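S.K.: Next up, my_file_33.cif (mmCIF, C-alpha atoms and all ligand atoms).
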```
data_entry
loop_
_atom_site.label_atom_id
_atom_site.label_comp_id
_atom_site.auth_asym_id
_atom_site.auth_seq_id
_atom_site.Cartn_x
_atom_site.Cartn_y
_atom_site.Cartn_z
CA ALA A 22 -16.55 -172.49 26.76
CA ARG A 23 -19.46 -172.18 24.35
CA LEU A 24 -17.26 -170.23 21.98
CA ALA A 25 -14.66 -173.00 22.14
CA GLY A 26 -17.28 -175.58 21.11
CA GLU A 27 -18.40 -173.42 18.20
CA LEU A 28 -14.82 -172.81 17.17
CA ARG A 29 -14.20 -176.55 17.13
CA ASN A 30 -17.20 -176.94 14.80
CA GLY A 31 -16.17 -173.93 12.76
CA ILE A 32 -12.74 -175.39 12.10
CA ALA A 33 -14.31 -178.71 11.09
CA ARG A 34 -16.83 -176.95 8.80
CA GLY A 35 -14.16 -174.89 7.10
CA GLU A 36 -15.44 -171.51 8.35
CA LEU A 37 -11.92 -170.17 8.88
CA ARG A 38 -10.04 -168.26 6.23
CA LEU A 39 -6.53 -166.94 6.04
CA TYR A 40 -6.03 -163.31 5.10
CA TYR A 41 -2.65 -161.83 4.23
CA GLN A 42 -1.36 -158.39 5.10
CA PRO A 43 1.50 -157.15 2.91
CA VAL A 44 4.70 -155.99 4.59
CA TYR A 45 6.53 -153.27 2.66
CA ASP A 46 10.11 -152.14 2.36
CA LEU A 47 9.64 -148.55 3.53
CA VAL A 48 12.69 -147.33 1.59
CA THR A 49 11.94 -148.81 -1.84
CA GLY A 50 8.16 -149.13 -1.43
CA ARG A 51 8.37 -152.71 -2.66
CA MET A 52 6.23 -155.49 -1.18
CA HIS A 53 8.61 -157.52 0.95
CA GLY A 54 6.47 -160.14 2.66
CA CYS A 55 3.02 -160.97 4.01
CA GLU A 56 1.66 -161.81 7.43
CA ALA A 57 -0.98 -164.54 7.53
CA LEU A 58 -3.91 -163.58 9.77
CA VAL A 59 -6.81 -165.91 10.48
CA ARG A 60 -10.46 -164.84 10.07
CA TRP A 61 -13.64 -166.61 11.19
CA GLN A 62 -16.90 -166.12 9.32
CA HIS A 63 -19.49 -167.70 11.63
CA PRO A 64 -22.82 -168.57 9.91
CA VAL A 65 -24.90 -166.93 12.68
CA ARG A 66 -22.55 -164.68 14.68
CA GLY A 67 -21.06 -163.28 11.49
CA PHE A 68 -17.47 -162.12 11.58
CA VAL A 69 -15.74 -163.09 14.82
CA SER A 70 -12.55 -161.17 15.52
CA PRO A 71 -9.33 -163.12 16.10
CA GLY A 72 -8.79 -160.83 19.10
CA GLU A 73 -11.75 -162.71 20.57
CA PHE A 74 -11.31 -166.29 19.40
CA ILE A 75 -7.50 -166.64 19.45
CA PRO A 76 -7.35 -166.24 23.27
CA CYS A 77 -10.21 -168.76 23.51
CA ALA A 78 -8.34 -171.15 21.19
CA GLU A 79 -5.24 -170.76 23.35
CA ARG A 80 -7.12 -171.52 26.59
CA SER A 81 -8.94 -174.53 25.13
CA GLY A 82 -5.93 -175.98 23.30
CA LEU A 83 -7.73 -175.62 19.96
CA ILE A 84 -4.89 -173.35 18.89
CA VAL A 85 -2.83 -176.49 18.23
CA PRO A 86 -4.99 -177.91 15.38
CA LEU A 87 -5.95 -174.38 14.28
CA GLY A 88 -2.30 -173.33 14.20
CA SER A 89 -1.38 -176.43 12.19
CA TRP A 90 -3.99 -175.50 9.61
CA VAL A 91 -2.70 -171.89 9.48
CA LEU A 92 0.91 -173.00 9.00
CA ARG A 93 0.11 -175.45 6.22
CA THR A 94 -2.32 -173.12 4.44
CA ALA A 95 0.09 -170.17 4.50
CA CYS A 96 2.93 -172.29 3.11
CA GLU A 97 0.68 -173.75 0.40
CA GLN A 98 -0.35 -170.20 -0.50
CA LEU A 99 3.22 -168.96 -0.84
CA ALA A 100 4.01 -171.97 -3.05
CA ALA A 101 0.97 -171.14 -5.21
CA TRP A 102 2.05 -167.46 -5.52
CA ARG A 103 5.56 -168.56 -6.47
CA ALA A 104 4.08 -170.76 -9.21
CA ALA A 105 1.78 -167.99 -10.48
CA PHE A 106 4.01 -164.90 -10.43
CA SER A 107 7.54 -164.33 -11.63
CA SER A 108 8.44 -162.18 -8.66
CA THR A 109 6.84 -162.64 -5.28
CA ILE A 110 7.53 -161.96 -1.66
CA GLU A 111 10.63 -163.05 0.21
CA ALA A 112 8.77 -165.03 2.87
CA VAL A 113 5.42 -165.57 4.55
CA ASN A 114 5.00 -164.67 8.25
CA VAL A 115 2.96 -167.00 10.44
CA ASN A 116 1.92 -166.24 14.03
CA VAL A 117 2.64 -169.15 16.35
CA ALA A 118 1.25 -169.35 19.89
CA VAL A 119 3.35 -170.60 22.78
CA ARG A 120 0.99 -173.58 23.17
CA GLN A 121 2.08 -174.76 19.72
CA LEU A 122 5.75 -174.34 20.59
CA ARG A 123 5.27 -176.56 23.64
CA GLU A 124 4.08 -179.45 21.45
CA PRO A 125 6.95 -181.96 21.20
CA GLY A 126 6.31 -182.55 17.49
CA PHE A 127 6.30 -178.91 16.38
CA VAL A 128 9.75 -178.82 14.77
CA ASP A 129 9.02 -182.01 12.80
CA GLU A 130 5.67 -180.55 11.75
CA VAL A 131 7.34 -177.43 10.33
CA ALA A 132 9.87 -179.58 8.47
CA ALA A 133 7.07 -181.74 7.03
CA VAL A 134 5.02 -178.73 5.89
CA LEU A 135 8.04 -177.16 4.17
CA SER A 136 8.89 -180.40 2.45
CA ASP A 137 5.27 -181.08 1.38
CA THR A 138 4.88 -177.59 -0.08
CA GLY A 139 8.31 -177.48 -1.72
CA LEU A 140 9.40 -174.44 0.28
CA VAL A 141 12.78 -173.94 1.93
CA PRO A 142 13.15 -172.83 5.58
CA ASP A 143 14.12 -169.35 4.39
CA ASP A 144 10.59 -168.93 2.99
CA LEU A 145 9.02 -168.97 6.45
CA VAL A 146 9.11 -166.43 9.27
CA ILE A 147 7.57 -167.52 12.54
CA GLU A 148 6.21 -164.69 14.70
CA VAL A 149 6.32 -165.31 18.42
CA THR A 150 5.60 -162.99 21.31
CA GLU A 151 8.21 -161.97 23.81
CA SER A 152 6.50 -164.09 26.45
CA SER A 153 7.20 -167.24 24.39
CA VAL A 154 10.92 -166.60 24.66
CA VAL A 155 10.76 -166.62 28.45
CA ASP A 156 8.30 -169.54 28.69
CA GLY A 157 10.94 -172.09 29.62
CA PRO A 158 13.76 -174.32 28.39
CA GLN A 159 11.56 -176.55 26.23
CA VAL A 160 10.20 -173.69 24.14
CA ARG A 161 13.67 -172.17 23.89
CA GLU A 162 15.02 -175.48 22.58
CA THR A 163 12.23 -175.60 20.00
CA LEU A 164 12.99 -172.06 18.83
CA GLN A 165 16.70 -172.90 18.70
CA ALA A 166 15.96 -176.00 16.59
CA LEU A 167 13.81 -173.96 14.18
CA HIS A 168 16.62 -171.43 13.88
CA GLU A 169 19.15 -174.20 13.16
CA MET A 170 16.79 -175.52 10.48
CA GLY A 171 16.92 -172.07 8.87
CA VAL A 172 13.43 -170.84 9.74
CA ARG A 173 13.54 -167.20 10.80
CA LEU A 174 11.98 -165.86 13.97
CA ALA A 175 10.36 -162.47 14.51
CA LEU A 176 9.48 -161.08 17.94
CA ASP A 177 5.91 -159.80 17.62
CA ASP A 178 4.29 -157.02 19.66
CA PHE A 179 7.80 -155.97 20.66
CA GLY A 180 8.02 -153.44 23.45
CA THR A 181 4.99 -154.70 25.36
CA GLY A 182 6.50 -157.86 26.82
CA GLN A 183 9.10 -158.69 29.40
CA SER A 184 12.05 -160.21 27.55
CA SER A 185 15.32 -158.92 28.91
CA LEU A 186 17.87 -157.36 26.63
CA SER A 187 20.48 -159.98 27.52
CA LEU A 188 18.09 -162.75 26.52
CA LEU A 189 17.49 -160.98 23.24
CA ARG A 190 21.21 -160.96 22.54
CA ALA A 191 21.51 -164.68 23.23
CA PHE A 192 18.39 -165.54 21.29
CA PRO A 193 18.34 -166.48 17.58
CA VAL A 194 15.84 -163.81 16.52
CA HIS A 195 15.93 -162.19 13.11
CA ALA A 196 13.39 -159.34 13.32
CA LEU A 197 11.75 -157.10 15.90
CA LYS A 198 8.16 -156.03 15.22
CA LEU A 199 7.39 -152.85 17.09
CA ASP A 200 3.94 -153.12 18.65
CA LYS A 201 1.34 -150.89 17.05
CA SER A 202 0.55 -149.16 20.35
CA PHE A 203 3.87 -147.33 19.91
CA VAL A 204 3.08 -146.47 16.31
CA ASP A 205 -0.27 -145.02 17.42
CA GLY A 206 1.70 -142.59 19.59
CA ILE A 207 3.56 -141.17 16.62
CA ALA A 208 1.36 -138.28 15.57
CA ASP A 209 2.38 -134.65 15.84
CA GLY A 210 5.07 -135.81 18.27
CA ALA A 211 2.18 -135.87 20.72
CA ASP A 212 3.38 -138.75 22.85
CA ARG A 213 7.05 -138.40 23.77
CA GLY A 214 7.13 -141.62 25.79
CA ARG A 215 5.95 -143.90 23.02
CA LEU A 216 8.08 -142.02 20.50
CA ALA A 217 11.13 -142.70 22.65
CA VAL A 218 10.35 -146.44 22.80
CA ALA A 219 9.88 -146.59 19.02
CA ALA A 220 13.27 -144.92 18.48
CA ALA A 221 15.01 -147.11 21.06
CA VAL A 222 13.68 -150.32 19.49
CA ALA A 223 14.96 -149.23 16.06
CA GLN A 224 18.41 -148.56 17.53
CA LEU A 225 18.39 -151.87 19.37
CA ALA A 226 17.58 -153.67 16.12
CA GLU A 227 20.38 -151.84 14.33
CA HIS A 228 22.96 -152.66 16.99
CA LEU A 229 21.93 -156.32 17.11
CA GLN A 230 21.71 -156.43 13.28
CA LEU A 231 18.04 -157.41 13.30
CA LYS A 232 15.33 -156.28 10.91
CA ALA A 233 13.17 -153.52 12.35
CA VAL A 234 9.50 -153.82 11.36
CA ALA A 235 6.76 -151.37 12.36
CA GLU A 236 3.14 -152.47 12.38
CA GLY A 237 -0.16 -150.62 12.47
CA ILE A 238 0.97 -147.73 10.25
CA GLU A 239 -2.16 -145.72 9.50
CA ASN A 240 -0.90 -142.40 8.14
CA GLN A 241 1.91 -140.90 6.11
CA GLU A 242 3.40 -138.99 9.02
CA GLN A 243 3.85 -142.22 10.99
CA LEU A 244 5.44 -143.89 7.97
CA ASP A 245 7.88 -141.01 7.38
CA ARG A 246 8.91 -140.75 11.00
CA LEU A 247 9.33 -144.51 11.42
CA ARG A 248 11.44 -144.77 8.29
CA ASP A 249 13.59 -141.86 9.49
CA MET A 250 14.01 -143.64 12.84
CA GLY A 251 15.41 -146.68 11.03
CA TYR A 252 12.40 -148.91 10.39
CA ARG A 253 13.21 -150.49 7.05
CA TYR A 254 9.96 -152.52 6.94
CA GLY A 255 6.36 -151.82 7.85
CA GLN A 256 2.76 -152.85 7.50
CA GLY A 257 -0.50 -151.09 8.19
CA PHE A 258 -3.83 -149.88 6.85
CA LEU A 259 -2.08 -146.96 5.11
CA MET A 260 -0.46 -149.38 2.66
CA ALA A 261 -2.78 -152.40 2.77
CA ARG A 262 -5.26 -154.11 5.05
CA PRO A 263 -5.19 -157.86 5.59
CA LEU A 264 -6.55 -159.21 2.27
CA PRO A 265 -7.97 -162.45 0.87
CA ALA A 266 -5.25 -164.47 -0.87
CA ALA A 267 -6.45 -163.54 -4.37
CA GLU A 268 -6.32 -159.80 -3.65
CA CYS A 269 -2.91 -160.05 -2.05
CA GLY A 270 -1.73 -162.05 -5.06
CA ALA A 271 -3.06 -159.34 -7.39
CA LEU A 272 -0.75 -156.85 -5.67
CA MET A 273 2.14 -159.24 -6.21
CA ALA A 274 1.38 -159.47 -9.90
CA ASP A 275 2.27 -155.76 -10.10
CA VAL A 276 5.63 -156.11 -8.36
CA PRO A 277 8.45 -155.72 -10.89
O1 LIG A 301 -5.86 -159.87 12.53
P1 LIG A 301 -6.02 -159.16 13.84
O2 LIG A 301 -5.11 -157.95 14.04
O3 LIG A 301 -7.44 -158.81 14.17
O4 LIG A 301 -5.52 -160.23 14.93
C1 LIG A 301 -5.78 -160.06 16.29
C2 LIG A 301 -4.82 -160.91 17.06
O5 LIG A 301 -4.93 -162.29 16.66
C3 LIG A 301 -3.36 -160.51 16.84
O6 LIG A 301 -2.72 -160.54 18.10
C4 LIG A 301 -2.83 -161.59 15.97
O7 LIG A 301 -1.45 -161.82 16.22
C5 LIG A 301 -3.65 -162.79 16.37
N1 LIG A 301 -3.70 -163.74 15.27
C6 LIG A 301 -4.23 -163.56 14.04
N2 LIG A 301 -4.05 -164.67 13.29
C7 LIG A 301 -3.39 -165.57 14.08
C8 LIG A 301 -2.92 -166.90 13.88
O8 LIG A 301 -3.02 -167.50 12.81
N3 LIG A 301 -2.31 -167.51 14.95
C9 LIG A 301 -2.14 -166.87 16.14
N4 LIG A 301 -1.54 -167.55 17.12
N5 LIG A 301 -2.56 -165.62 16.35
C10 LIG A 301 -3.17 -164.97 15.34
O1 LIG A 302 -0.49 -159.30 17.15
P1 LIG A 302 -0.25 -159.12 15.68
O2 LIG A 302 0.82 -158.15 15.39
O3 LIG A 302 -0.02 -160.41 14.97
O4 LIG A 302 -1.58 -158.54 15.09
C1 LIG A 302 -1.67 -157.90 13.89
C2 LIG A 302 -3.04 -157.27 13.88
O5 LIG A 302 -2.96 -155.88 13.60
C3 LIG A 302 -3.99 -157.87 12.87
O6 LIG A 302 -5.17 -158.18 13.50
C4 LIG A 302 -4.22 -156.76 11.87
O7 LIG A 302 -5.54 -156.80 11.36
C5 LIG A 302 -4.00 -155.51 12.71
N1 LIG A 302 -3.54 -154.38 11.94
C6 LIG A 302 -2.69 -154.39 10.89
N2 LIG A 302 -2.48 -153.14 10.44
C7 LIG A 302 -3.23 -152.31 11.21
C8 LIG A 302 -3.42 -150.91 11.22
O8 LIG A 302 -2.86 -150.14 10.46
N3 LIG A 302 -4.26 -150.42 12.18
C9 LIG A 302 -4.88 -151.22 13.07
N4 LIG A 302 -5.69 -150.66 13.96
N5 LIG A 302 -4.71 -152.56 13.09
C10 LIG A 302 -3.88 -153.11 12.18
MN MN A 303 1.91 -160.81 14.16
NA NA A 304 2.03 -157.36 16.61
#
```
Show me, as structure tokens, the structure contained in the file I just sent.
M.R.:
Amino acid sequence: ARLAGELRNGIARGELRLYYQPVYDLVTGRMHGCEALVRWQHPVRGFVSPGEFIPCAERSGLIVPLGSWVLRTACEQLAAWRAAFSSTIEAVNVNVAVRQLREPGFVDEVAAVLSDTGLVPDDLVIEVTESSVVDGPQVRETLQALHEMGVRLALDDFGTGQSSLSLLRAFPVHALKLDKSFVDGIADGADRGRLAVAAAVAQLAEHLQLKAVAEGIENQEQLDRLRDMGYRYGQGFLMARPLPAAECGALMADVP
């Protein structure tokens, strides 16, 4: 509860920053997109990990104003990159919590942000967890409306949740992001179980004609094996860490 109060102040004082982690095309090596990831530099506590304050923001409801700020800032940033560089990324990925999807005005908010920033729906990928998909009819309607608007949806942390395969088929999702716990298992073929899940998710994506994205790639062996399994896209410390906007933009300036 104390953390929630400080987070409220931190948001008001502008202590939050958005970082961007590049997503690469593993076949061409080209930067394909970026995932926006929030960071909190507290004046006394120092760096507070989102793994700590995002759950707190979700419990307290602060995720709603925080998430609105993230969405608008990420879209403004993509518009700024588009203005600055001749060739940029295809889209920006924004994590959206189920609490935000339950807000009745969320679809209108997305439409307003796109219109204000001069982006088109195609420029935005919303990352949701599998548990959002099974939250209930209201959230499903919201996701359906976003899809009809042309905003693309990625299922984050895929493989850890409980969405059924039949739901996945009926659901307007555009990408599966394999959870990094499965990528961690891909070293020396050490963990057959996690390797099998990684391969199965790639095949599922292929059969359903979805993009397969691997996250948390930390070494070349993981990258090679994931690409061979069918992961066309990936992100991870091997290629780039989450970066301040200016550093991420500098990488874009080099993209042909
Ligand atoms: O950036 P990092 O890997 O430390 O993030 C930890 C967790 O916080 C991840 O689960 C990530 O999805 C989540 N997270 C980071 N930024 C955001 C955000 O802007 N919104 C939401 N809802 N979650 C975020
Ligand atoms: O839940 P979500 O997938 O949104 O979280 C992404 C998180 O994963 C971010 O906090 C980001 O900092 C972290 N991350 C990205 N690449 C790597 C990596 O290669 N290794 C590790 N350990 N974490 C990573
Ligand atoms: Mn994510
Ligand atoms: Na993830």
S.K.: Pick out the residues sitting within 6 Å of region 103-110 of chain A, and hand them over as a ChimeraX atom specification; count all atoms listed in the file, and ignore anything fewer than 2 positions along from it in its own chain.
M.R.: /A:53-54,100-101,112,273
S.K.: Considering all atoms listed in the file, can you say which of A:Gly126, A:Gly139, A:Gly257, A:Pro265 comes closest to Cys96 (chain A)?
M.R.: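 For Cys96 (chain A), the nearest of the given residues is A:Gly139.
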S.K.: Could you tell me which of A:Glu124, A:Glu36, A:Glu79, A:Glu111 comes closest to Arg66 (chain A) if we count only C-alpha atoms?
M.R.: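 Using only C-alpha atoms, Arg66 (chain A) sits closest to A:Glu36.
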S.K.: Would you please work out which residue, of A:Val119, A:Ala271, A:Ala133, A:Leu167, is nearest to Ser152 (chain A) when using all atoms listed in the file?
M.R.: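 Among the listed residues, A:Val119 lies closest to Ser152 (chain A).
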S.K.: Hey, which residues sit close to ligand LIG 301 (chain A)? Say within 6 Å, counting all atoms listed in the file, and write them as a PyMOL selection string.
M.R.: chain A and resi 58-59+70-72+75+88+91+116-118
S.K.: Restricting the output to C-alpha atoms, write the selected residues as a short mmCIF file (atom, residue, chain, number, x, y, z; two decimals), keeping the file's coordinate frame.
M.R.:
```
data_model
loop_
_atom_site.label_atom_id
_atom_site.label_comp_id
_atom_site.auth_asym_id
_atom_site.auth_seq_id
_atom_site.Cartn_x
_atom_site.Cartn_y
_atom_site.Cartn_z
CA LEU A 58 -3.91 -163.58 9.77
CA VAL A 59 -6.81 -165.91 10.48
CA SER A 70 -12.55 -161.17 15.52
CA PRO A 71 -9.33 -163.12 16.10
CA GLY A 72 -8.79 -160.83 19.10
CA ILE A 75 -7.50 -166.64 19.45
CA GLY A 88 -2.30 -173.33 14.20
CA VAL A 91 -2.70 -171.89 9.48
CA ASN A 116 1.92 -166.24 14.03
CA VAL A 117 2.64 -169.15 16.35
CA ALA A 118 1.25 -169.35 19.89
#
```
S.K.: Please identify all protein, DNA and RNA residues within 9 Å of ligand NA 304 (chain A), counting all atoms listed in the file, and report them as a list in words.
M.R.: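 The distance check yields Glu148, Thr150, Leu176, Asp177, Asp178, Phe179, Lys198, Leu199, Asp200, Lys201, Ala235, Glu236 and Gly237 of chain A.
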S.K.: Smallest atom-to-atom distance to ligand MN 303 (chain A): which of A:Glu130, A:Glu27, A:Glu56, A:Asp137, using all atoms listed in the file?
M.R.: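 Selected residue with least distance to ligand MN 303 (chain A): A:Glu56.
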S.K.: Looking at only C-alpha atoms and all ligand atoms, which of A:Arg213, A:Ala78, A:Val146, A:Arg29 is the one that sits closest to ligand MN 303 (chain A)?
M.R.: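 With only C-alpha atoms and all ligand atoms as the atom set, the closest residue is A:Val146.
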S.K.: Which residue gives the smallest distance to ligand LIG 302 (chain A) among A:Leu231, A:Met52, A:Leu39, A:Met250, with only C-alpha atoms and all ligand atoms counted?
M.R.: A:Leu39
S.K.: Determine, counting only C-alpha atoms, which protein, DNA and RNA residues have an atom within 10 Å of an atom of Arg246 (chain A); residues of the same chain fewer than 4 positions away are not included. Present the result as number ranges by chain.
M.R.: A: 204, 207-208, 210, 216, 219-220, 241-242, 250-252
S.K.: Around ligand LIG 302 (chain A), fit a box with edges along x, y and z, padding it by 8 Å on each side, then list its centre and edge lengths in Å to one decimal as AutoDock Vina command-line options.
M.R.:
```
--center_x -2.4 --center_y -155.3 --center_z 13.8 --size_x 22.5 --size_y 26.3 --size_z 22.7
```
S.K.: Provide the CA of Gly214 (chain A) to CA of Ala261 (chain A) distance in Å, to one decimal place.
M.R.: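 Value for the CA of Gly214 (chain A)-CA of Ala261 (chain A) distance: 27.3 Å.
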S.K.: What separation in Å, quoted to one decimal, exists between atom C8 of ligand LIG 302 (chain A) and CA of Ser202 (chain A)?
M.R.: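 Computing the Euclidean distance for atom C8 of ligand LIG 302 (chain A) and CA of Ser202 (chain A) yields 10.1 Å.
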S.K.: Could you work out how far CA of Arg60 (chain A) lies from CA of Leu37 (chain A), giving the answer in Å with one decimal?
M.R.: 5.7 Å
S.K.: Within 10 Å of Asp249 (chain A), counting only C-alpha atoms, which residues show up once you throw out same-chain ones fewer than 3 positions away? Write them as a ChimeraX atom specification, please.
M.R.: /A:47-48,220,223,243-246,252-253
S.K.: Can you pull out every residue within 9 Å of Ser153 (chain A), counting only C-alpha atoms, but drop anything in the same chain fewer than 4 positions away, and send it as a PyMOL selection string?
M.R.: chain A and resi 118-120+122+149+157+160-161
S.K.: Missing atoms in region 51-80 of chain A: can you complete it with N, CA and C atoms, as a PDB file, in the coordinates of the input?
M.R.:
```pdb
ATOM      1  N   ARG A  51       8.661-151.403  -2.088  1.00  0.00           N
ATOM      2  CA  ARG A  51       8.370-152.710  -2.660  1.00  0.00           C
ATOM      3  C   ARG A  51       7.720-153.634  -1.620  1.00  0.00           C
ATOM      4  N   MET A  52       6.806-154.505  -2.089  1.00  0.00           N
ATOM      5  CA  MET A  52       6.230-155.490  -1.180  1.00  0.00           C
ATOM      6  C   MET A  52       7.326-156.497  -0.825  1.00  0.00           C
ATOM      7  N   HIS A  53       7.497-156.716   0.464  1.00  0.00           N
ATOM      8  CA  HIS A  53       8.610-157.520   0.950  1.00  0.00           C
ATOM      9  C   HIS A  53       8.145-158.882   1.436  1.00  0.00           C
ATOM     10  N   GLY A  54       6.996-158.895   2.095  1.00  0.00           N
ATOM     11  CA  GLY A  54       6.470-160.140   2.660  1.00  0.00           C
ATOM     12  C   GLY A  54       4.988-159.999   2.919  1.00  0.00           C
ATOM     13  N   CYS A  55       4.440-160.989   3.633  1.00  0.00           N
ATOM     14  CA  CYS A  55       3.020-160.970   4.010  1.00  0.00           C
ATOM     15  C   CYS A  55       2.883-161.646   5.352  1.00  0.00           C
ATOM     16  N   GLU A  56       1.989-161.129   6.176  1.00  0.00           N
ATOM     17  CA  GLU A  56       1.660-161.810   7.430  1.00  0.00           C
ATOM     18  C   GLU A  56       0.313-162.496   7.285  1.00  0.00           C
ATOM     19  N   ALA A  57       0.277-163.787   7.560  1.00  0.00           N
ATOM     20  CA  ALA A  57      -0.980-164.540   7.530  1.00  0.00           C
ATOM     21  C   ALA A  57      -1.769-164.249   8.797  1.00  0.00           C
ATOM     22  N   LEU A  58      -3.048-163.897   8.638  1.00  0.00           N
ATOM     23  CA  LEU A  58      -3.910-163.580   9.770  1.00  0.00           C
ATOM     24  C   LEU A  58      -5.239-164.296   9.599  1.00  0.00           C
ATOM     25  N   VAL A  59      -5.621-165.057  10.606  1.00  0.00           N
ATOM     26  CA  VAL A  59      -6.810-165.910  10.480  1.00  0.00           C
ATOM     27  C   VAL A  59      -8.089-165.108  10.690  1.00  0.00           C
ATOM     28  N   ARG A  60      -9.134-165.476   9.969  1.00  0.00           N
ATOM     29  CA  ARG A  60     -10.460-164.840  10.070  1.00  0.00           C
ATOM     30  C   ARG A  60     -11.509-165.931  10.210  1.00  0.00           C
ATOM     31  N   TRP A  61     -12.573-165.636  10.982  1.00  0.00           N
ATOM     32  CA  TRP A  61     -13.640-166.610  11.190  1.00  0.00           C
ATOM     33  C   TRP A  61     -14.972-165.985  10.800  1.00  0.00           C
ATOM     34  N   GLN A  62     -15.581-166.546   9.761  1.00  0.00           N
ATOM     35  CA  GLN A  62     -16.900-166.120   9.320  1.00  0.00           C
ATOM     36  C   GLN A  62     -17.914-167.131   9.843  1.00  0.00           C
ATOM     37  N   HIS A  63     -18.526-166.805  10.987  1.00  0.00           N
ATOM     38  CA  HIS A  63     -19.490-167.700  11.630  1.00  0.00           C
ATOM     39  C   HIS A  63     -20.849-167.545  10.941  1.00  0.00           C
ATOM     40  N   PRO A  64     -21.569-168.672  10.656  1.00  0.00           N
ATOM     41  CA  PRO A  64     -22.820-168.570   9.910  1.00  0.00           C
ATOM     42  C   PRO A  64     -23.897-167.728  10.620  1.00  0.00           C
ATOM     43  N   VAL A  65     -23.879-167.685  11.943  1.00  0.00           N
ATOM     44  CA  VAL A  65     -24.900-166.930  12.680  1.00  0.00           C
ATOM     45  C   VAL A  65     -24.306-165.673  13.332  1.00  0.00           C
ATOM     46  N   ARG A  66     -23.178-165.827  14.002  1.00  0.00           N
ATOM     47  CA  ARG A  66     -22.550-164.680  14.680  1.00  0.00           C
ATOM     48  C   ARG A  66     -21.965-163.681  13.684  1.00  0.00           C
ATOM     49  N   GLY A  67     -21.733-164.136  12.468  1.00  0.00           N
ATOM     50  CA  GLY A  67     -21.060-163.280  11.490  1.00  0.00           C
ATOM     51  C   GLY A  67     -19.556-163.316  11.730  1.00  0.00           C
ATOM     52  N   PHE A  68     -18.924-162.193  11.452  1.00  0.00           N
ATOM     53  CA  PHE A  68     -17.470-162.120  11.580  1.00  0.00           C
ATOM     54  C   PHE A  68     -17.064-162.120  13.056  1.00  0.00           C
ATOM     55  N   VAL A  69     -16.267-163.066  13.453  1.00  0.00           N
ATOM     56  CA  VAL A  69     -15.740-163.090  14.820  1.00  0.00           C
ATOM     57  C   VAL A  69     -14.268-162.689  14.761  1.00  0.00           C
ATOM     58  N   SER A  70     -13.912-161.694  15.565  1.00  0.00           N
ATOM     59  CA  SER A  70     -12.550-161.170  15.520  1.00  0.00           C
ATOM     60  C   SER A  70     -11.541-162.145  16.132  1.00  0.00           C
ATOM     61  N   PRO A  71     -10.368-162.264  15.515  1.00  0.00           N
ATOM     62  CA  PRO A  71      -9.330-163.120  16.100  1.00  0.00           C
ATOM     63  C   PRO A  71      -8.919-162.649  17.498  1.00  0.00           C
ATOM     64  N   GLY A  72      -9.062-161.336  17.749  1.00  0.00           N
ATOM     65  CA  GLY A  72      -8.790-160.830  19.100  1.00  0.00           C
ATOM     66  C   GLY A  72      -9.663-161.513  20.134  1.00  0.00           C
ATOM     67  N   GLU A  73     -10.824-162.024  19.688  1.00  0.00           N
ATOM     68  CA  GLU A  73     -11.750-162.710  20.570  1.00  0.00           C
ATOM     69  C   GLU A  73     -11.512-164.220  20.587  1.00  0.00           C
ATOM     70  N   PHE A  74     -11.348-164.833  19.387  1.00  0.00           N
ATOM     71  CA  PHE A  74     -11.310-166.290  19.400  1.00  0.00           C
ATOM     72  C   PHE A  74      -9.900-166.878  19.543  1.00  0.00           C
ATOM     73  N   ILE A  75      -8.850-166.093  19.250  1.00  0.00           N
ATOM     74  CA  ILE A  75      -7.500-166.640  19.450  1.00  0.00           C
ATOM     75  C   ILE A  75      -7.226-166.902  20.947  1.00  0.00           C
ATOM     76  N   PRO A  76      -7.552-165.943  21.834  1.00  0.00           N
ATOM     77  CA  PRO A  76      -7.350-166.240  23.270  1.00  0.00           C
ATOM     78  C   PRO A  76      -8.154-167.465  23.714  1.00  0.00           C
ATOM     79  N   CYS A  77      -9.374-167.594  23.186  1.00  0.00           N
ATOM     80  CA  CYS A  77     -10.210-168.760  23.510  1.00  0.00           C
ATOM     81  C   CYS A  77      -9.558-170.043  22.984  1.00  0.00           C
ATOM     82  N   ALA A  78      -9.017-169.977  21.773  1.00  0.00           N
ATOM     83  CA  ALA A  78      -8.340-171.150  21.190  1.00  0.00           C
ATOM     84  C   ALA A  78      -7.102-171.507  22.000  1.00  0.00           C
ATOM     85  N   GLU A  79      -6.434-170.492  22.549  1.00  0.00           N
ATOM     86  CA  GLU A  79      -5.240-170.760  23.350  1.00  0.00           C
ATOM     87  C   GLU A  79      -5.630-171.440  24.669  1.00  0.00           C
ATOM     88  N   ARG A  80      -6.691-170.934  25.312  1.00  0.00           N
ATOM     89  CA  ARG A  80      -7.120-171.520  26.590  1.00  0.00           C
ATOM     90  C   ARG A  80      -7.597-172.956  26.413  1.00  0.00           C
TER      91      ARG A  80
END
```
